[in-house]
file model-v3.cif (mmCIF, C-alpha atoms)
data_final
loop_
_atom_site.group_PDB
_atom_site.id
_atom_site.type_symbol
_atom_site.label_atom_id
_atom_site.label_comp_id
_atom_site.auth_asym_id
_atom_site.auth_seq_id
_atom_site.Cartn_x
_atom_site.Cartn_y
_atom_site.Cartn_z
ATOM 1 C CA MET A 28 137.079 26.484 110.988
ATOM 2 C CA THR A 29 139.080 27.545 114.008
ATOM 3 C CA ASP A 30 138.072 29.999 116.714
ATOM 4 C CA GLU A 31 140.746 32.534 115.832
ATOM 5 C CA ALA A 32 140.173 36.173 116.636
ATOM 6 C CA TRP A 33 139.630 38.258 113.531
ATOM 7 C CA GLY A 34 141.040 41.350 115.178
ATOM 8 C CA MET A 35 137.668 43.088 115.329
ATOM 9 C CA ALA A 36 134.966 43.045 117.927
ATOM 10 C CA PRO A 37 131.343 43.646 117.050
ATOM 11 C CA PRO A 38 130.151 47.145 117.884
ATOM 12 C CA PRO A 39 128.615 47.477 121.345
ATOM 13 C CA PHE A 40 124.822 47.231 121.487
ATOM 14 C CA ASN A 41 123.140 50.613 121.780
ATOM 15 C CA ALA A 42 119.613 50.070 123.098
ATOM 16 C CA GLU A 43 118.409 53.599 122.260
ATOM 17 C CA ASN A 44 119.440 53.320 118.604
ATOM 18 C CA ALA A 45 118.085 49.770 118.400
ATOM 19 C CA LEU A 46 114.727 50.968 119.737
ATOM 20 C CA VAL A 47 114.540 53.640 117.023
ATOM 21 C CA GLU A 48 115.282 50.983 114.368
ATOM 22 C CA LEU A 49 112.746 48.603 115.919
ATOM 23 C CA LYS A 50 110.012 51.273 115.888
ATOM 24 C CA ARG A 51 110.773 52.069 112.249
ATOM 25 C CA ALA A 52 110.571 48.386 111.297
ATOM 26 C CA LEU A 53 107.272 47.922 113.160
ATOM 27 C CA ARG A 54 105.742 50.954 111.446
ATOM 28 C CA ALA A 55 106.843 49.473 108.106
ATOM 29 C CA LEU A 56 104.815 46.374 109.053
ATOM 30 C CA GLN A 57 101.751 48.644 109.271
ATOM 31 C CA MET A 58 101.572 48.678 113.062
ATOM 32 C CA SER A 59 100.495 51.845 114.905
ATOM 33 C CA GLU A 60 102.536 53.262 117.771
ATOM 34 C CA ARG A 61 100.453 54.079 120.853
ATOM 35 C CA SER A 62 101.706 54.989 124.358
ATOM 36 C CA GLY A 63 104.725 52.734 124.886
ATOM 37 C CA GLY A 64 103.686 50.017 122.485
ATOM 38 C CA PHE A 65 102.287 49.096 119.108
ATOM 39 C CA GLU A 66 98.833 48.088 117.977
ATOM 40 C CA PHE A 67 97.618 46.140 114.989
ATOM 41 C CA GLU A 68 94.027 46.665 113.860
ATOM 42 C CA ALA A 69 93.315 48.685 117.052
ATOM 43 C CA LYS A 70 94.394 45.831 119.347
ATOM 44 C CA ARG A 71 97.482 45.884 121.570
ATOM 45 C CA ALA A 72 100.164 43.709 119.961
ATOM 46 C CA LEU A 73 103.504 44.743 121.467
ATOM 47 C CA GLU A 74 104.834 46.703 124.459
ATOM 48 C CA PHE A 75 108.414 47.757 125.096
ATOM 49 C CA GLU A 76 110.628 49.570 127.587
ATOM 50 C CA LEU A 77 114.335 50.326 127.946
ATOM 51 C CA LYS A 78 115.950 48.640 130.947
ATOM 52 C CA GLU A 79 119.614 48.292 131.876
ATOM 53 C CA GLY A 80 121.007 48.712 128.368
ATOM 54 C CA ALA A 81 118.484 46.301 126.825
ATOM 55 C CA ILE A 82 114.977 46.497 125.415
ATOM 56 C CA GLN A 83 112.290 44.529 127.253
ATOM 57 C CA VAL A 84 109.537 43.525 124.830
ATOM 58 C CA ARG A 85 106.176 41.880 125.433
ATOM 59 C CA LEU A 86 104.582 40.416 122.303
ATOM 60 C CA ALA A 87 100.935 39.330 122.277
ATOM 61 C CA LYS A 88 100.263 35.644 121.707
ATOM 62 C CA ARG A 89 96.894 36.443 120.116
ATOM 63 C CA LEU A 90 95.181 39.649 119.072
ATOM 64 C CA ILE A 91 92.398 40.114 121.597
ATOM 65 C CA ARG A 92 91.289 43.004 123.804
ATOM 66 C CA THR A 93 93.296 41.781 126.830
ATOM 67 C CA PRO A 94 96.079 39.627 125.373
ATOM 68 C CA GLU A 95 98.547 37.291 127.022
ATOM 69 C CA PHE A 96 102.123 38.293 126.278
ATOM 70 C CA ASP A 97 105.402 36.502 125.623
ATOM 71 C CA ALA A 98 108.471 38.286 127.009
ATOM 72 C CA PHE A 99 111.613 38.957 124.969
ATOM 73 C CA THR A 100 114.849 40.742 125.880
ATOM 74 C CA ILE A 101 116.854 42.409 123.141
ATOM 75 C CA ARG A 102 120.551 42.699 123.955
ATOM 76 C CA SER A 103 122.045 42.429 120.467
ATOM 77 C CA GLY A 104 121.322 42.903 116.804
ATOM 78 C CA ALA A 105 120.686 39.168 116.491
ATOM 79 C CA ASP A 106 118.014 39.346 119.217
ATOM 80 C CA GLN A 107 116.411 42.246 117.378
ATOM 81 C CA ARG A 108 116.284 40.304 114.099
ATOM 82 C CA LYS A 109 114.783 37.270 115.870
ATOM 83 C CA LEU A 110 112.069 39.452 117.409
ATOM 84 C CA LEU A 111 111.198 41.026 114.053
ATOM 85 C CA ASP A 112 110.970 37.559 112.482
ATOM 86 C CA GLU A 113 108.604 36.479 115.262
ATOM 87 C CA VAL A 114 106.483 39.623 114.828
ATOM 88 C CA LYS A 115 106.214 38.926 111.093
ATOM 89 C CA LYS A 116 105.098 35.330 111.751
ATOM 90 C CA ARG A 117 102.458 36.444 114.224
ATOM 91 C CA LEU A 118 101.194 39.232 111.957
ATOM 92 C CA SER A 119 100.751 36.704 109.184
ATOM 93 C CA ARG A 120 98.893 34.357 111.532
ATOM 94 C CA TRP A 121 96.706 37.179 112.868
ATOM 95 C CA LYS A 122 95.780 38.269 109.343
ATOM 96 C CA ASP A 123 94.852 34.676 108.430
ATOM 97 C CA GLU A 124 92.652 34.324 111.545
ATOM 98 C CA GLU A 125 90.384 37.130 110.384
#

call {"tool": "encode", "arguments": {"input": "model-v3.cif", "output": "structure tokens"}}
result
Amino acid sequence: MTDEAWGMAPPPFNAENALVELKRALRALQMSERSGGFEFEAKRALEFELKEGAIQVRLAKRLIRTPEFDAFTIRSGADQRKLLDEVKKRLSRWKDEE
């Protein structure tokens, strides 16, 4: 397949709208929103903030009272889908650990 232009560009990334969608998806995964982040089973699992047209996300490696976090930057719809896939994997692992 060649690298020809299809005549359409993808829509620009809107961080505010993406954050609303991300929050909705996290609530659907049974996570609770609390002060700039989300918790799972009363333990901090994810923190986020809007910065420079992107969403900065910190995702807990393990569910403990003071977790270590992995950092992610969401600048596109693909980044958002990758983050949600990673959250789903970790939720599954956290549920199995208990």

call {"tool": "resolve_selection", "arguments": {"input": "model-v3.cif", "expression": "the PyMOL selection byres ((chain A and resi 67-82) around 7)", "output": "list in words"}}
result
Ala42, Met58, Ser59, Gly63, Gly64, Phe65, Glu66, Gln83, Val84, Arg85, Leu86, Ala87, Leu90, Ile91, Arg92, Thr100, Ile101 and Arg102 of chain A

call {"tool": "closest_residue", "arguments": {"input": "model-v3.cif", "among": "A:Glu48, A:Ser62, A:Ala36, A:Arg89", "to": "Ser119 of chain A", "atoms": "only C-alpha atoms"}}
result
A:Arg89

call {"tool": "atom_distance", "arguments": {"input": "model-v3.cif", "atom1": "atom CA of Glu113 of chain A", "atom2": "atom CA of Phe99 of chain A"}}
result
10.5 Å

call {"tool": "closest_residue", "arguments": {"input": "model-v3.cif", "among": "A:Lys88, A:Pro37, A:Glu60, A:Asn44", "to": "Val114 of chain A", "atoms": "all atoms listed in the file"}}
result
A:Lys88

call {"tool": "axis_aligned_box", "arguments": {"input": "model-v3.cif", "around": "segment 78-90 of chain A", "padding_each_side": "3 Å", "output": "AutoDock Vina command-line options"}}
result
--center_x 108.1 --center_y 42.2 --center_z 125.5 --size_x 31.8 --size_y 19.1 --size_z 18.8

call {"tool": "closest_residue", "arguments": {"input": "model-v3.cif", "among": "A:Asp97, A:Ala55, A:Ser103, A:Asp123", "to": "Glu43 of chain A", "atoms": "all atoms listed in the file"}}
result
A:Ser103

call {"tool": "atom_distance", "arguments": {"input": "model-v3.cif", "atom1": "atom CA of Leu118 of chain A", "atom2": "atom CA of Asp106 of chain A"}}
result
18.3 Å

call {"tool": "closest_residue", "arguments": {"input": "model-v3.cif", "among": "A:Leu111, A:Ala105, A:Trp33, A:Thr93", "to": "Leu49 of chain A", "atoms": "all atoms listed in the file"}}
result
A:Leu111

call {"tool": "closest_residue", "arguments": {"input": "model-v3.cif", "among": "A:Ala45, A:Trp121, A:Met35, A:Gln57", "to": "Arg108 of chain A", "atoms": "all atoms listed in the file"}}
result
A:Ala45

call {"tool": "closest_residue", "arguments": {"input": "model-v3.cif", "among": "A:Gly34, A:Glu95, A:Ala52, A:Pro39", "to": "Gln107 of chain A", "atoms": "all atoms listed in the file"}}
result
A:Ala52

call {"tool": "atom_distance", "arguments": {"input": "model-v3.cif", "atom1": "atom CA of Gly104 of chain A", "atom2": "atom CA of Phe40 of chain A"}}
result
7.3 Å

call {"tool": "decode", "arguments": {"input": "model-v3.cif", "residues": "segment 71-123 of chain A", "atoms": "C-alpha atoms", "output": "compact mmCIF listing (two decimals), in the first residue's frame"}}
result
# COMPACT_ATOMS: atom_id res chain seq x y z
CA ARG A 71 -5.66 5.25 44.69
CA ALA A 72 -5.28 3.73 41.21
CA LEU A 73 -5.03 6.63 38.75
CA GLU A 74 -4.36 10.38 38.77
CA PHE A 75 -4.74 12.80 35.88
CA GLU A 76 -4.33 16.44 34.91
CA LEU A 77 -4.69 18.52 31.75
CA LYS A 78 -1.41 20.03 30.54
CA GLU A 79 -0.58 21.76 27.26
CA GLY A 80 -3.37 20.19 25.21
CA ALA A 81 -2.68 16.67 26.54
CA ILE A 82 -3.74 14.58 29.51
CA GLN A 83 -1.00 13.56 31.93
CA VAL A 84 -1.92 10.28 33.63
CA ARG A 85 -0.26 8.40 36.47
CA LEU A 86 -1.38 4.78 36.79
CA ALA A 87 -0.55 2.73 39.89
CA LYS A 88 1.69 -0.28 39.39
CA ARG A 89 0.07 -2.06 42.34
CA LEU A 90 -2.92 -1.30 44.54
CA ILE A 91 -1.42 -0.32 47.88
CA ARG A 92 -1.92 2.62 50.23
CA THR A 93 1.04 4.59 48.78
CA PRO A 94 1.50 3.23 45.25
CA GLU A 95 4.27 3.72 42.74
CA PHE A 96 2.97 5.17 39.49
CA ASP A 97 3.72 4.76 35.80
CA ALA A 98 3.36 7.96 33.76
CA PHE A 99 1.39 8.17 30.51
CA THR A 100 0.69 11.12 28.20
CA ILE A 101 -2.45 11.09 26.10
CA ARG A 102 -2.16 13.17 22.94
CA SER A 103 -4.44 11.20 20.61
CA GLY A 104 -7.33 8.80 20.51
CA ALA A 105 -4.88 5.94 20.02
CA ASP A 106 -3.04 6.90 23.23
CA GLN A 107 -6.37 6.97 25.05
CA ARG A 108 -7.28 3.47 23.84
CA LYS A 109 -3.84 2.14 24.86
CA LEU A 110 -4.27 3.60 28.35
CA LEU A 111 -7.72 2.05 28.75
CA ASP A 112 -6.35 -1.32 27.65
CA GLU A 113 -3.58 -1.02 30.25
CA VAL A 114 -6.09 -0.05 32.96
CA LYS A 115 -8.20 -3.10 32.10
CA LYS A 116 -5.16 -5.39 32.34
CA ARG A 117 -4.17 -3.98 35.71
CA LEU A 118 -7.72 -4.15 37.07
CA SER A 119 -7.85 -7.80 36.12
CA ARG A 120 -4.49 -8.43 37.80
CA TRP A 121 -5.53 -6.50 40.93
CA LYS A 122 -8.76 -8.49 41.21
CA ASP A 123 -6.82 -11.77 40.89
